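Data file: model_3.txt. Format and content: compact mmCIF, C-alpha atoms.
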```txt
# COMPACT_ATOMS: atom_id res chain seq x y z
CA MET A 1 -51.60 -124.75 83.92
CA GLU A 2 -50.64 -123.93 80.32
CA GLY A 3 -54.06 -122.37 79.75
CA LEU A 4 -53.67 -120.19 82.83
CA GLN A 5 -50.14 -119.21 81.83
CA SER A 6 -51.45 -118.01 78.46
CA LEU A 7 -53.64 -115.48 80.28
CA ILE A 8 -50.98 -114.23 82.68
CA ARG A 9 -48.27 -111.82 81.54
CA PHE A 10 -45.73 -113.11 84.08
CA PRO A 11 -44.38 -116.61 84.85
CA LEU A 12 -46.69 -118.41 87.29
CA ASP A 13 -43.86 -119.43 89.61
CA GLU A 14 -42.91 -115.74 90.03
CA LEU A 15 -46.41 -114.56 90.99
CA PRO A 16 -45.68 -114.60 94.76
CA PHE A 17 -42.86 -112.10 94.22
CA ILE A 18 -45.07 -109.95 92.02
CA ALA A 19 -47.91 -110.04 94.55
CA LEU A 20 -45.59 -108.90 97.33
CA VAL A 21 -44.23 -106.07 95.19
CA LEU A 22 -47.73 -104.92 94.25
CA ILE A 23 -48.88 -104.95 97.87
CA ILE A 24 -45.97 -102.68 98.80
CA ALA A 25 -46.21 -100.45 95.72
CA PHE A 26 -49.98 -99.92 95.76
CA THR A 27 -50.13 -99.45 99.52
CA LEU A 28 -47.39 -96.80 99.62
CA HIS A 29 -48.85 -95.04 96.58
CA GLU A 30 -52.35 -94.66 98.02
CA PHE A 31 -51.07 -93.95 101.54
CA ALA A 32 -49.00 -91.08 100.12
CA HIS A 33 -52.13 -89.56 98.54
CA ALA A 34 -54.20 -89.95 101.71
CA TYR A 35 -51.50 -88.72 104.08
CA ALA A 36 -50.70 -85.64 101.99
CA ALA A 37 -54.38 -84.72 101.67
CA TYR A 38 -54.87 -85.11 105.42
CA LYS A 39 -51.84 -82.95 106.20
CA PHE A 40 -53.14 -80.25 103.84
CA GLY A 41 -56.47 -80.12 105.68
CA ASP A 42 -58.72 -82.60 103.87
CA ASP A 43 -59.91 -85.39 106.18
CA THR A 44 -62.09 -87.13 103.56
CA ALA A 45 -59.68 -90.06 103.14
CA TYR A 46 -58.89 -90.09 106.85
CA LYS A 47 -62.56 -90.62 107.73
CA GLN A 48 -62.64 -93.57 105.34
CA GLY A 49 -59.63 -95.17 107.00
CA ARG A 50 -57.26 -94.59 104.08
CA VAL A 51 -54.46 -92.91 106.05
CA THR A 52 -52.99 -96.30 106.85
CA LEU A 53 -50.38 -98.76 105.62
CA ASN A 54 -52.89 -101.60 105.79
CA PRO A 55 -52.94 -103.04 102.23
CA ALA A 56 -56.49 -104.39 102.61
CA VAL A 57 -58.06 -100.92 102.39
CA HIS A 58 -56.06 -99.87 99.32
CA LEU A 59 -55.99 -102.88 96.97
CA ASP A 60 -58.47 -103.12 94.10
CA PHE A 61 -59.17 -106.61 92.75
CA LEU A 62 -59.69 -105.57 89.12
CA GLY A 63 -56.71 -103.24 89.07
CA THR A 64 -54.47 -105.89 90.61
CA PHE A 65 -55.72 -108.59 88.23
CA LEU A 66 -55.21 -106.33 85.21
CA ILE A 67 -51.58 -105.78 86.07
CA LEU A 68 -51.10 -109.56 85.88
CA ILE A 69 -52.60 -109.83 82.39
CA ALA A 70 -51.77 -106.43 80.88
CA GLY A 71 -48.70 -105.38 82.83
CA PHE A 72 -50.23 -102.41 84.62
CA GLY A 73 -53.17 -101.60 86.88
CA TRP A 74 -54.32 -99.58 89.84
CA ALA A 75 -55.44 -99.59 93.47
CA LYS A 76 -58.56 -98.03 95.01
CA PRO A 77 -58.50 -94.28 94.34
CA VAL A 78 -58.16 -92.09 97.43
CA PRO A 79 -61.09 -89.66 97.79
CA VAL A 80 -59.91 -86.05 97.88
CA ASN A 81 -61.94 -82.86 98.33
CA PRO A 82 -59.73 -79.95 97.16
CA LEU A 83 -62.19 -77.44 98.62
CA ASN A 84 -60.78 -78.33 102.05
CA PHE A 85 -57.32 -77.10 101.03
CA LYS A 86 -56.14 -73.57 101.69
CA ARG A 87 -54.75 -73.40 98.16
CA PRO A 88 -56.94 -75.95 96.33
CA ARG A 89 -55.25 -76.09 92.94
CA LEU A 90 -51.65 -76.14 94.17
CA MET A 91 -52.29 -78.62 96.96
CA ASN A 92 -54.36 -80.86 94.70
CA ILE A 93 -51.37 -81.04 92.33
CA VAL A 94 -49.07 -81.99 95.20
CA VAL A 95 -51.50 -84.63 96.51
CA ALA A 96 -51.79 -86.14 93.02
CA LEU A 97 -48.03 -86.05 92.47
CA VAL A 98 -46.90 -87.72 95.71
CA GLY A 99 -48.48 -91.03 94.67
CA PRO A 100 -46.36 -91.57 91.56
CA LEU A 101 -43.34 -90.09 93.35
CA SER A 102 -43.67 -92.74 96.07
CA ASN A 103 -43.25 -95.39 93.38
CA LEU A 104 -40.24 -93.57 91.95
CA VAL A 105 -38.66 -93.54 95.42
CA LEU A 106 -39.37 -97.26 95.82
CA MET A 107 -37.81 -97.89 92.42
CA ALA A 108 -34.71 -95.99 93.51
CA VAL A 109 -34.53 -98.05 96.71
CA GLY A 110 -34.75 -101.24 94.67
CA ALA A 111 -32.04 -100.07 92.27
CA PHE A 112 -29.81 -99.16 95.21
CA LEU A 113 -30.24 -102.57 96.82
CA TRP A 114 -29.61 -104.29 93.49
CA GLN A 115 -26.34 -102.41 93.09
CA LEU A 116 -25.42 -102.98 96.73
CA PHE A 117 -25.83 -106.74 96.52
CA ASN A 118 -24.00 -106.95 93.19
CA SER A 119 -21.07 -104.74 94.24
CA THR A 120 -20.38 -106.04 97.74
CA ASP A 121 -20.00 -109.33 99.61
CA LEU A 122 -23.25 -108.99 101.56
CA LEU A 123 -24.68 -112.11 99.94
CA LEU A 124 -21.45 -114.06 100.17
CA GLY A 125 -22.29 -117.45 101.66
CA ALA A 126 -26.02 -117.19 100.90
CA SER A 127 -27.55 -120.17 99.13
CA ASP A 128 -28.28 -120.07 95.42
CA ARG A 129 -32.01 -120.19 96.15
CA VAL A 130 -31.81 -117.12 98.39
CA VAL A 131 -29.79 -115.19 95.81
CA GLU A 132 -32.20 -116.20 93.04
CA ALA A 133 -35.27 -115.26 95.09
CA LEU A 134 -33.82 -111.88 96.02
CA SER A 135 -32.85 -111.20 92.40
CA ILE A 136 -36.36 -111.99 91.16
CA PHE A 137 -37.95 -109.84 93.85
CA LEU A 138 -35.70 -106.83 93.18
CA HIS A 139 -36.20 -107.20 89.42
CA TYR A 140 -39.96 -106.85 89.81
CA PHE A 141 -39.62 -104.27 92.58
CA ILE A 142 -37.69 -102.01 90.22
CA TYR A 143 -39.75 -102.72 87.11
CA LEU A 144 -43.25 -102.53 88.58
CA ASN A 145 -42.61 -99.41 90.64
CA GLY A 146 -41.09 -97.73 87.59
CA MET A 147 -44.07 -98.76 85.52
CA LEU A 148 -46.53 -97.46 88.13
CA PHE A 149 -44.66 -94.15 88.30
CA LEU A 150 -44.92 -93.63 84.54
CA PHE A 151 -48.38 -95.12 84.12
CA ASN A 152 -49.97 -92.91 86.77
CA LEU A 153 -48.56 -89.78 85.12
CA LEU A 154 -50.55 -90.42 81.94
CA PRO A 155 -52.97 -87.48 81.41
CA LEU A 156 -56.08 -89.64 81.29
CA PRO A 157 -58.84 -89.65 83.91
CA PRO A 158 -58.87 -90.94 86.59
CA LEU A 159 -55.05 -91.18 86.69
CA ASP A 160 -52.88 -88.79 88.70
CA GLY A 161 -51.42 -87.25 85.56
CA TYR A 162 -54.87 -86.03 84.54
CA ARG A 163 -55.45 -84.41 87.94
CA ILE A 164 -52.12 -82.63 87.69
CA LEU A 165 -52.76 -81.44 84.12
CA TYR A 166 -56.31 -80.40 85.01
CA GLU A 167 -55.17 -78.09 87.79
CA LEU A 168 -52.48 -76.52 85.59
CA LEU A 169 -54.92 -75.56 82.83
CA PRO A 170 -56.95 -72.33 82.71
CA ARG A 171 -60.52 -72.44 84.00
CA ARG A 172 -62.10 -72.29 80.53
CA THR A 173 -60.12 -75.30 79.34
CA ARG A 174 -60.97 -77.23 82.51
CA ILE A 175 -64.69 -76.65 81.92
CA GLN A 176 -64.30 -78.05 78.41
CA LEU A 177 -62.40 -81.07 79.71
CA ASP A 178 -65.18 -81.80 82.19
CA GLN A 179 -67.50 -82.49 79.26
CA TYR A 180 -65.28 -85.27 77.96
CA SER A 181 -63.71 -86.72 81.12
CA GLN A 182 -66.20 -89.62 81.16
CA TRP A 183 -64.58 -90.89 77.95
CA GLY A 184 -61.21 -91.26 79.65
CA ILE A 185 -61.75 -94.88 80.62
CA LEU A 186 -62.86 -95.79 77.09
CA ILE A 187 -59.80 -94.11 75.57
CA PHE A 188 -57.62 -95.92 78.07
CA LEU A 189 -59.14 -99.31 77.25
CA LEU A 190 -58.74 -98.71 73.51
CA ILE A 191 -55.08 -97.87 73.98
CA VAL A 192 -54.56 -100.97 76.12
CA PHE A 193 -56.39 -103.58 74.07
CA ILE A 194 -55.94 -102.40 70.45
CA PRO A 195 -52.47 -103.72 69.55
CA ALA A 196 -51.63 -101.00 67.03
CA LEU A 197 -52.50 -98.21 69.48
CA ASN A 198 -50.67 -100.00 72.29
CA ARG A 199 -47.51 -100.36 70.24
CA ALA A 200 -47.62 -96.71 69.19
CA THR A 201 -48.33 -95.23 72.62
CA LEU A 202 -48.06 -97.27 75.81
CA GLN A 203 -45.23 -99.61 74.85
CA PRO A 204 -42.66 -96.95 73.94
CA TYR A 205 -43.73 -94.81 76.90
CA LEU A 206 -43.48 -97.60 79.48
CA ALA A 207 -40.17 -98.65 77.92
CA LEU A 208 -38.80 -95.57 79.68
CA VAL A 209 -38.69 -97.74 82.82
CA GLY A 210 -35.43 -99.11 81.45
CA ASP A 211 -34.04 -95.60 81.03
CA LEU A 212 -35.01 -94.72 84.60
CA HIS A 213 -33.32 -97.85 85.90
CA GLY A 214 -30.23 -97.03 83.87
CA MET A 215 -30.14 -93.57 85.39
CA PHE A 216 -30.35 -94.94 88.93
CA ARG A 217 -27.80 -97.65 88.14
CA THR A 218 -25.33 -95.01 86.91
CA TRP A 219 -25.81 -92.99 90.08
CA PHE A 220 -25.40 -95.92 92.44
CA GLU A 221 -22.45 -97.46 90.59
CA ALA A 222 -20.51 -94.35 91.59
CA LEU A 223 -21.13 -95.17 95.26
CA PHE A 224 -19.47 -98.57 95.24
```

Rewritten as structure tokens:
Amino acid sequence: MEGLQSLIRFPLDELPFIALVLIIAFTLHEFAHAYAAYKFGDDTAYKQGRVTLNPAVHLDFLGTFLILIAGFGWAKPVPVNPLNFKRPRLMNIVVALVGPLSNLVLMAVGAFLWQLFNSTDLLLGASDRVVEALSIFLHYFIYLNGMLFLFNLLPLPPLDGYRILYELLPRRTRIQLDQYSQWGILIFLLIVFIPALNRATLQPYLALVGDLHGMFRTWFEALF
């Protein structure tokens, strides 16, 4: 067990909570992409059965495993054909953006529930085990959804942030980017697994999850 724990970023006894959070977070994220694309006129994801809340069609084994050992990961990308949109560039930006925004909304819901349970008597009389389990779940619900929101906005292919940036750039720049997009995964892996690069880039960026939570906490404290 100690050997396995050394490979996993999170405590082993908390993995069930993390798994449940990831199922919810990944499913809503990819569903948001697929649903928005379908509503804008692209039925590519719909034909592949992606406009659904069934987690089985959205989860990616490698992406889910990586989040356990590295702290972040991904689900199966939703196929989108912008040529089916009436306004391809604008609608492609919206379709890319709704995925991360779904995680931000989930983070806000988690922060609201956290504040609700800590500011009212709703859990009065609940057992210590129930309170502890709920606290662990909400902790990861807030943290992982915040992390997925920020992570997916990184301007590296194939992340949503790259798709958004790509559509905002002039055509000449986009043509130049196309020549180098295949290196996106390599750049990403270097940033993840080279400690010095990780400390200088990803770690301070993903630390903004705490600032987001603080913002939501300030908002919701005013409600109670």

Extract, using all atoms listed in the file, all DNA, RNA and protein residues at most 8 Å from Asn152 of chain A, discarding same-chain residues fewer than 5 positions from it, and format them as a PDB file with C-alpha atoms, keeping the file's coordinate frame.
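Result file follows (around-v5.pdb):
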```pdb
ATOM      1  CA  PRO A 100     -46.360 -91.570  91.560  1.00  0.00           C
ATOM      2  CA  LEU A 159     -55.050 -91.180  86.690  1.00  0.00           C
ATOM      3  CA  ASP A 160     -52.880 -88.790  88.700  1.00  0.00           C
ATOM      4  CA  GLY A 161     -51.420 -87.250  85.560  1.00  0.00           C
TER       5      GLY A 161
END
```

For this session: May I ask for the distance between atom CA of Trp219 of chain A and atom CA of Ile142 of chain A, given in Å to one decimal place?
Result: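 For atom CA of Trp219 of chain A relative to atom CA of Ile142 of chain A, the distance reads 14.9 Å.
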
Seminar exercise, completed: Expressed in Å, the length from atom CA of Asn145 of chain A to atom CA of Phe224 of chain A is 23.6 Å

Exercise. If you measure from atom CA of Ile23 of chain A to atom CA of Pro158 of chain A, what distance in Å do you get, rounded to one decimal?
Worked result: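 Interatomic distance here is 20.6 Å.
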
Exercise. So which residues touch segment 204-208 of chain A within 10 Å, counting all atoms listed in the file, skipping near sequence neighbours fewer than 3 positions away, as JSON, numbers by chain?
Worked result: {"A": [71, 72, 143, 146, 147, 148, 149, 150, 151, 154, 198, 199, 200, 201, 211, 212, 213, 214]}

Exercise. Residues at most 10 Å from Val109 of chain A, counting only C-alpha atoms, excluding those fewer than 5 positions away in the same chain, as a PyMOL selection string?
Worked result: chain A and resi 103-104+114-115+138+141-142+216

For this session: Select, from A:Phe65, A:Phe40, A:Phe117, A:Phe188, the residue with the minimum atom-to-atom distance to Lys86 of chain A, counting all atoms listed in the file.
Result: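 The closest residue to Lys86 of chain A is A:Phe40.
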
Exercise. Which residue gives the smallest distance to Pro82 of chain A among A:Leu177, A:Leu202, A:Val94, A:Ala222, with all atoms listed in the file counted?
Worked result: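 Among the listed residues, the smallest separation from Pro82 of chain A belongs to A:Val94.
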
For this session: Rank A:Phe112, A:Tyr166, A:Tyr38, A:Phe61 by their smallest atom-to-atom distance to Arg89 of chain A, using all atoms listed in the file, and report the top residue only.
Result: A:Tyr166

Problem set entry | Of the listed residues A:Leu59, A:Leu223, A:Ile93, A:Val98, that which approaches Thr120 of chain A most closely, counting only C-alpha atoms |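 Ranking A:Leu59, A:Leu223, A:Ile93, A:Val98 by distance to Thr120 of chain A, first place goes to A:Leu223.
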
Exercise. Out of A:Pro170, A:Gly125, A:Gly99, A:Pro88, which residue has the shortest atom-to-atom distance to Trp74 of chain A when counting only C-alpha atoms?
Worked result: A:Gly99

Problem set entry | Shell of 7 Å around Ala96 of chain A, all atoms listed in the file, local chain residues under 4 positions omitted, as a list in words |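 Surrounding residues, per the criterion: His33, Asn92, Asp160, Arg163 and Ile164 of chain A.
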
For this session: Mind listing whatever residues come within 10 Å of the point (-51.4, -94.6, 108.2)? Use all atoms listed in the file, file coordinates, and give them as a ChimeraX atom specification.
Result: /A:28,31-32,34-35,46,49-54

For this session: Would you please work out which residue, of A:Pro79, A:Gly110, A:Pro155, A:Pro16, is nearest to Ala37 of chain A when using all atoms listed in the file?
Result: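 The answer is A:Pro79, which sits nearest to Ala37 of chain A.
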
Problem set entry | Exercise: Phe85 of chain A partners within 7 Å, all atoms listed in the file, chain neighbours under 6 positions left out, as a list in words | Phe40, Gly41, Asp42 and Met91 of chain A
